[in-house]
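Student: Dumping the structure here so I can ask a few things about it.
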Amino acid sequence: MIYQLKITLKGKHPTVWIRFRLDSKTTFQELHEYIQVAFACHEEIHEFVLPNTVDNTEMNNSFRTIFPGFVPPGFIHHLIKLAPRRSSWGNPLNQTVFDERDYSLEQLLNIPGNKGIYTIGSEQNREYEILLEGIFTSGKRFSPLICTQISAGFAGRLKKTSPLNFSREGVVTHSASNHLKVILEAMNQALHTCQHNKLNEKNQVKACRFAKDKNQWQELLSVSSQLNKLQPWKWLASNQLIVVDLPGMNDRAYCCILGSGGEEFGLAAYIGRDGLYALNQTFQEMDESNYFNILRHQRGFHVSFTSLDQLTDKDHHLIKHSGFRFRGKKQWPMFRSCIPGYYTWYLENDEILLLKLIIEQVIEAAKWAQSAPEQIPPYDADRWFLRTYRNNNDNHFEWETQFTEPERDMKPWSKDVPLYETEMALKRLKKSTSASKEWSELDTFYITKPAQEKEGTRPFYPKLFVVVDHRLGFVIYYEMIDPKSIADQTLYERTIQHLFLNFIKKTGHRPSGIMIEDERLLYILRPLCRTLGILCSKTEKLHHIAEVRHDMKQLDTPQ
């Protein structure tokens with residue numbers, strides 16, 4: 001798609017503006033550079049502030065595709081801030097900062113009339129209004145990036161800031177007389193040069209990234225081949241746990257060898273606190289009813305040795321391009337990454353080297369126990385097997401075998417989280433809303449059918465934040481939770497508190513109390529409820545929420 005944007009320098013008379021036509025997939029980092037070229041300025045310090053329409057467009061559209069008969073009411077619009085780098089997750093409510101490289105125009109400006117603000121300068125800030133005027137289908141008439149029109153004020157400003165010689169001020173268009181076209185021609189030449197340089201830079205970065213990844217994939221495939229040739233499943237069972245300390249992460253991998261049953265051969269590695277929680281649930285509470293919920297909270301890797309016909313085209317291309325070839329059944333390695341809230345997917349970036357390190361230590365552990373497999377205790381033993389390391393001064397890791405205390409009772413949450421909104425703001429909210437005598441049921445749950453924002457990107461499982469009137473059983477509020485927040489514990493806590501405050505703002509009243517089944521939600525929302533004068537009660541089962549879950553499952557089940 002082609003976007004027509006009008007960029008206006010605010011606070012100037014006569015008005016200073018320019019019209020662009022450019023690809024809708026242009027990132028905001030690229031837009032920053034184009035504006036700098038067009039307005040002949042050189043400021044690195046800048047930011048974009050735009051309406052956060054990601055939630056109520058892409059995710060809700062995916063939701064409508066999954067459940068055409070169940071249309072969400074839409075999200076409360078709030079602002080999203082983009083900057084040259086992801087500076088923090090800890091800004092005040094509605095002011096979360098994201099990396100401008102991660103968002104394209106079509107994600108945040110998707111309806112004609114949408115506006116945003118672009119601010120540059122560290123001292124005397126200059127603000128530019130970005131207005132989406134129109135959306136056009138791509139065709140031969142327009143080049144990917146072109147300046148189509150400038151204002152009289154803009155031409156006059158360029159006289160002072162640009163070495164170009166302008167014959168007169170005025171609005172300049174492509175239909176203007178020849179002696180005025182020089183302005184736009186010079187402008188477009190500069191823009192096209194900038195665009196060409198950005199494209200070359202992207203290709204160079206992509207080539208470097210690809211070369212680096214190729215070496216990493218070769219190393220991972222090599223060590224995976226060693227694991228398959230060793231065949232540790234011949235003497236180790238899947239309930240014998242190998243724990244690996246992860247250098248530089250202050251975390252552990254909890255690994256199980258797969259294949260003692262003679263069906264699936266490979267390795268399952270659970271990473272960090274989220275992974276350990278999923279592992280504990282798998283061993284302690286595993287049944288068909290909660291398998292999906294366990295899978296959605298899992299963080300880790302899965303390595304399986306399978307047949308060629310079971311690989312995807314991407315898997316096969318990866319192996320072939322890395323210079324490897326395997327023959328026979330159960331010989332071709334397939335790698336998958338698990339992240340809470342997301343569909344099981346291909347490895348990305350640093351995951352390649354991390355998995356390689358884990359496999360290396362699992363191989364060492366398997367060799368160590370080959371003659372006496374009972375040396376690696378099972379999950380339910382009074383100690384766990386551990387591969388740990390010492391870091392020498394030259395950053396060379398010396399690995400050794402130890403045993404550690406089991407962590408079967410560990411949870412990623414165990415106490416009330418901090419307030420992510422100021423007490424003053426909460427007091428204002430309390431004063432501006434009325435107290436209700438009614439109680440509400442509150443919960444979050446996943447939709448079992450995955451959605452995908454864009455083709456080729458990692459699919460996610462939509463997760464709903466739902467509030468139900470306890471007495472009447474009506475759904476009074478629900479929103480989709482941004483999948484990017486689910487894998488980050490702090491960001492997830494902030495998001496849940498934010499949605500709860502949105503619920504109060506939208507309904508205009510504070511419930512007398514809320515009933516919560518999920519212990520994690522209790523720890524997240526109890527501090528808010530305490531400040532707002534709302535009772536917060538843990539219950540064994542939310543009956544009305546259970547009905548909502550059932551209804552959603554019926555919509556998800558093919559008829």
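Chain labels follow the order of the structure tokens: the first chain is A, the next B, and so on; residue numbering restarts at 1 in every chain, and ligands are counted from 1 in their shown order.
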Could you name the residues that touch Val467 (chain A) at 10 Å or less, counting only C-alpha atoms, but leaving out those on the same chain fewer than 6 positions away, as a ChimeraX atom specification?
Tutor: /A:440-444,473-479,500,503,514-515,544-545
Student: Keeping only all heavy atoms, write the selected residues to a file as a compact mmCIF listing (two decimals), in the first residue's frame.
Tutor:
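Full text of selection-v9.txt as output:
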# COMPACT_ATOMS: atom_id res chain seq x y z
N SER A 440 -17.17 -8.45 41.31
CA SER A 440 -16.82 -8.86 39.95
C SER A 440 -15.91 -10.07 39.99
O SER A 440 -15.10 -10.22 40.91
CB SER A 440 -16.12 -7.72 39.19
OG SER A 440 -16.96 -6.59 39.07
N GLU A 441 -16.06 -10.92 38.99
CA GLU A 441 -15.12 -12.03 38.77
C GLU A 441 -14.11 -11.58 37.72
O GLU A 441 -14.48 -10.98 36.71
CB GLU A 441 -15.85 -13.28 38.30
CG GLU A 441 -16.83 -13.84 39.30
CD GLU A 441 -17.51 -15.12 38.79
OE1 GLU A 441 -17.06 -15.63 37.74
OE2 GLU A 441 -18.47 -15.59 39.44
N LEU A 442 -12.84 -11.89 37.95
CA LEU A 442 -11.79 -11.42 37.05
C LEU A 442 -10.81 -12.56 36.75
O LEU A 442 -10.39 -13.28 37.65
CB LEU A 442 -11.06 -10.23 37.69
CG LEU A 442 -10.05 -9.47 36.84
CD1 LEU A 442 -10.01 -8.01 37.29
CD2 LEU A 442 -8.66 -10.08 36.93
N ASP A 443 -10.46 -12.69 35.46
CA ASP A 443 -9.52 -13.75 35.09
C ASP A 443 -8.90 -13.43 33.74
O ASP A 443 -9.36 -12.54 33.01
CB ASP A 443 -10.25 -15.10 35.03
CG ASP A 443 -9.29 -16.28 35.18
OD1 ASP A 443 -8.09 -16.03 35.41
OD2 ASP A 443 -9.74 -17.43 35.06
N THR A 444 -7.85 -14.16 33.40
CA THR A 444 -7.25 -14.12 32.08
C THR A 444 -7.18 -15.55 31.55
O THR A 444 -6.97 -16.48 32.33
CB THR A 444 -5.83 -13.54 32.11
OG1 THR A 444 -4.99 -14.37 32.91
CG2 THR A 444 -5.83 -12.13 32.69
N GLY A 473 -23.76 -12.33 36.06
CA GLY A 473 -23.06 -13.18 35.09
C GLY A 473 -22.77 -12.53 33.76
O GLY A 473 -22.39 -13.21 32.81
N PHE A 474 -22.96 -11.20 33.66
CA PHE A 474 -22.69 -10.50 32.40
C PHE A 474 -21.21 -10.13 32.30
O PHE A 474 -20.58 -9.74 33.29
CB PHE A 474 -23.52 -9.22 32.30
CG PHE A 474 -25.00 -9.47 32.22
CD1 PHE A 474 -25.90 -8.57 32.78
CD2 PHE A 474 -25.50 -10.60 31.60
CE1 PHE A 474 -27.26 -8.79 32.71
CE2 PHE A 474 -26.86 -10.83 31.53
CZ PHE A 474 -27.74 -9.93 32.07
N VAL A 475 -20.66 -10.25 31.08
CA VAL A 475 -19.32 -9.75 30.83
C VAL A 475 -19.39 -8.23 30.76
O VAL A 475 -20.08 -7.66 29.91
CB VAL A 475 -18.74 -10.31 29.51
CG1 VAL A 475 -17.38 -9.70 29.22
CG2 VAL A 475 -18.63 -11.83 29.58
N ILE A 476 -18.69 -7.56 31.66
CA ILE A 476 -18.76 -6.09 31.69
C ILE A 476 -17.50 -5.43 31.13
O ILE A 476 -17.50 -4.23 30.87
CB ILE A 476 -19.02 -5.58 33.12
CG1 ILE A 476 -18.01 -6.17 34.10
CG2 ILE A 476 -20.44 -5.91 33.55
CD1 ILE A 476 -18.23 -5.71 35.54
N TYR A 477 -16.47 -6.22 30.93
CA TYR A 477 -15.25 -5.63 30.35
C TYR A 477 -14.32 -6.76 29.91
O TYR A 477 -14.18 -7.76 30.60
CB TYR A 477 -14.53 -4.77 31.39
CG TYR A 477 -13.29 -4.07 30.86
CD1 TYR A 477 -13.37 -2.88 30.16
CD2 TYR A 477 -12.03 -4.63 31.06
CE1 TYR A 477 -12.25 -2.24 29.68
CE2 TYR A 477 -10.89 -3.99 30.58
CZ TYR A 477 -11.01 -2.81 29.89
OH TYR A 477 -9.89 -2.18 29.41
N TYR A 478 -13.68 -6.59 28.74
CA TYR A 478 -12.62 -7.51 28.35
C TYR A 478 -11.76 -6.85 27.28
O TYR A 478 -12.21 -5.99 26.54
CB TYR A 478 -13.16 -8.85 27.85
CG TYR A 478 -14.03 -8.79 26.63
CD1 TYR A 478 -13.51 -9.04 25.38
CD2 TYR A 478 -15.39 -8.51 26.74
CE1 TYR A 478 -14.32 -9.00 24.26
CE2 TYR A 478 -16.21 -8.48 25.64
CZ TYR A 478 -15.67 -8.72 24.39
OH TYR A 478 -16.47 -8.68 23.29
N GLU A 479 -10.51 -7.23 27.27
CA GLU A 479 -9.55 -6.74 26.29
C GLU A 479 -8.57 -7.85 25.95
O GLU A 479 -8.34 -8.77 26.73
CB GLU A 479 -8.76 -5.54 26.82
CG GLU A 479 -9.56 -4.25 26.89
CD GLU A 479 -8.65 -3.04 27.03
OE1 GLU A 479 -7.50 -3.11 26.54
OE2 GLU A 479 -9.08 -2.05 27.62
N PHE A 500 -6.73 -3.30 34.43
CA PHE A 500 -7.66 -3.18 35.55
C PHE A 500 -8.07 -1.72 35.76
O PHE A 500 -9.26 -1.42 36.00
CB PHE A 500 -7.02 -3.75 36.82
CG PHE A 500 -7.94 -3.76 38.01
CD1 PHE A 500 -9.03 -4.60 38.05
CD2 PHE A 500 -7.72 -2.91 39.09
CE1 PHE A 500 -9.89 -4.61 39.14
CE2 PHE A 500 -8.56 -2.91 40.19
CZ PHE A 500 -9.66 -3.77 40.22
N PHE A 503 -10.49 -0.76 33.09
CA PHE A 503 -11.82 -1.27 33.41
C PHE A 503 -12.57 -0.30 34.33
O PHE A 503 -13.75 0.02 34.10
CB PHE A 503 -11.68 -2.65 34.06
CG PHE A 503 -12.78 -3.01 35.03
CD1 PHE A 503 -14.09 -3.16 34.59
CD2 PHE A 503 -12.50 -3.21 36.38
CE1 PHE A 503 -15.10 -3.49 35.49
CE2 PHE A 503 -13.50 -3.54 37.27
CZ PHE A 503 -14.81 -3.67 36.83
N ILE A 514 -13.35 -7.94 44.11
CA ILE A 514 -13.13 -8.78 42.94
C ILE A 514 -12.76 -10.18 43.41
O ILE A 514 -12.08 -10.36 44.43
CB ILE A 514 -12.03 -8.23 42.01
CG1 ILE A 514 -10.71 -8.07 42.76
CG2 ILE A 514 -12.46 -6.92 41.39
CD1 ILE A 514 -9.54 -7.70 41.85
N MET A 515 -13.22 -11.18 42.68
CA MET A 515 -12.93 -12.57 42.98
C MET A 515 -11.96 -13.09 41.93
O MET A 515 -12.18 -12.92 40.72
CB MET A 515 -14.22 -13.39 42.97
CG MET A 515 -15.27 -12.86 43.94
SD MET A 515 -16.88 -13.68 43.74
CE MET A 515 -16.48 -15.33 44.27
N HIS A 544 -19.00 -17.98 36.69
CA HIS A 544 -19.40 -17.24 35.49
C HIS A 544 -18.25 -17.16 34.48
O HIS A 544 -18.47 -17.24 33.27
CB HIS A 544 -19.88 -15.84 35.86
CG HIS A 544 -21.15 -15.83 36.66
ND1 HIS A 544 -22.28 -16.49 36.24
CD2 HIS A 544 -21.46 -15.25 37.85
CE1 HIS A 544 -23.24 -16.32 37.13
NE2 HIS A 544 -22.77 -15.57 38.12
N ILE A 545 -17.03 -17.00 34.99
CA ILE A 545 -15.87 -17.00 34.09
C ILE A 545 -15.75 -18.35 33.40
O ILE A 545 -15.43 -18.44 32.20
CB ILE A 545 -14.58 -16.70 34.88
CG1 ILE A 545 -14.55 -15.24 35.35
CG2 ILE A 545 -13.35 -17.01 34.03
CD1 ILE A 545 -14.28 -14.21 34.27
Student: Taking 2 positions as the minimum chain separation for residues in the same chain, which residues sit within 10 Å of Phe20 (chain A) when counting only C-alpha atoms? Answer as an MDAnalysis selection string.
Tutor: chainID A and resid 2:7 18 22:23 34:35 38 132:133 144:150 188
Student: If you count only C-alpha atoms, which residues fall within 6 Å of region 262-276 of chain A, apart from same-chain ones fewer than 5 positions away, as a PyMOL selection string?
Tutor: chain A and resi 251-257+298-305+412
Student: Between CA of Leu501 (chain A) and CA of Ile339 (chain A), what is the distance in Å, rounded to a tenth?
Tutor: 27.0 Å
Student: Hey, what's within 12 Å of Val37 (chain A) if we count only C-alpha atoms and toss same-chain stuff fewer than 6 positions away? As a list in words, please?
Tutor: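 Skipping anything fewer than 6 positions along the chain leaves Ile18, Glu30, Leu31, Glu43, Cys147, Leu158, Thr161, Ser162, Ala186, Met187, Asn188, Gln189, Ala190, Leu191, His192, Thr193, Cys194 and Gln195 of chain A.
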Student: Restricting the calculation to only C-alpha atoms, which member of A:Leu386, A:Ile135, A:Leu308, A:Leu82 is positioned closest to Glu364 (chain A)?
Tutor: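 Of all the options, A:Leu386 lies closest to Glu364 (chain A).
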Student: In Å, with one decimal, what is the gap from CA of Pro377 (chain A) to CA of Gln240 (chain A)?
Tutor: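 Distance between the two atoms: 5.7 Å.
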Student: Measuring between only C-alpha atoms, which one of A:Phe465, A:Phe136, A:Trp384, A:Phe98 shows the shortest distance to Met1 (chain A)?
Tutor: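 Among the listed residues, the smallest separation from Met1 (chain A) belongs to A:Phe136.
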Student: Taking into account only C-alpha atoms, which residue in the set A:Thr401, A:Thr15, A:Thr137, A:Ser436 is nearest to Asp245 (chain A)?
Tutor: A:Thr401
Student: Which one is closest to Pro14 (chain A): A:Tyr103, A:Tyr128, A:Phe28, A:Phe154? Count only C-alpha atoms.
Tutor: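 Closest to Pro14 (chain A), using only C-alpha atoms: A:Phe154.
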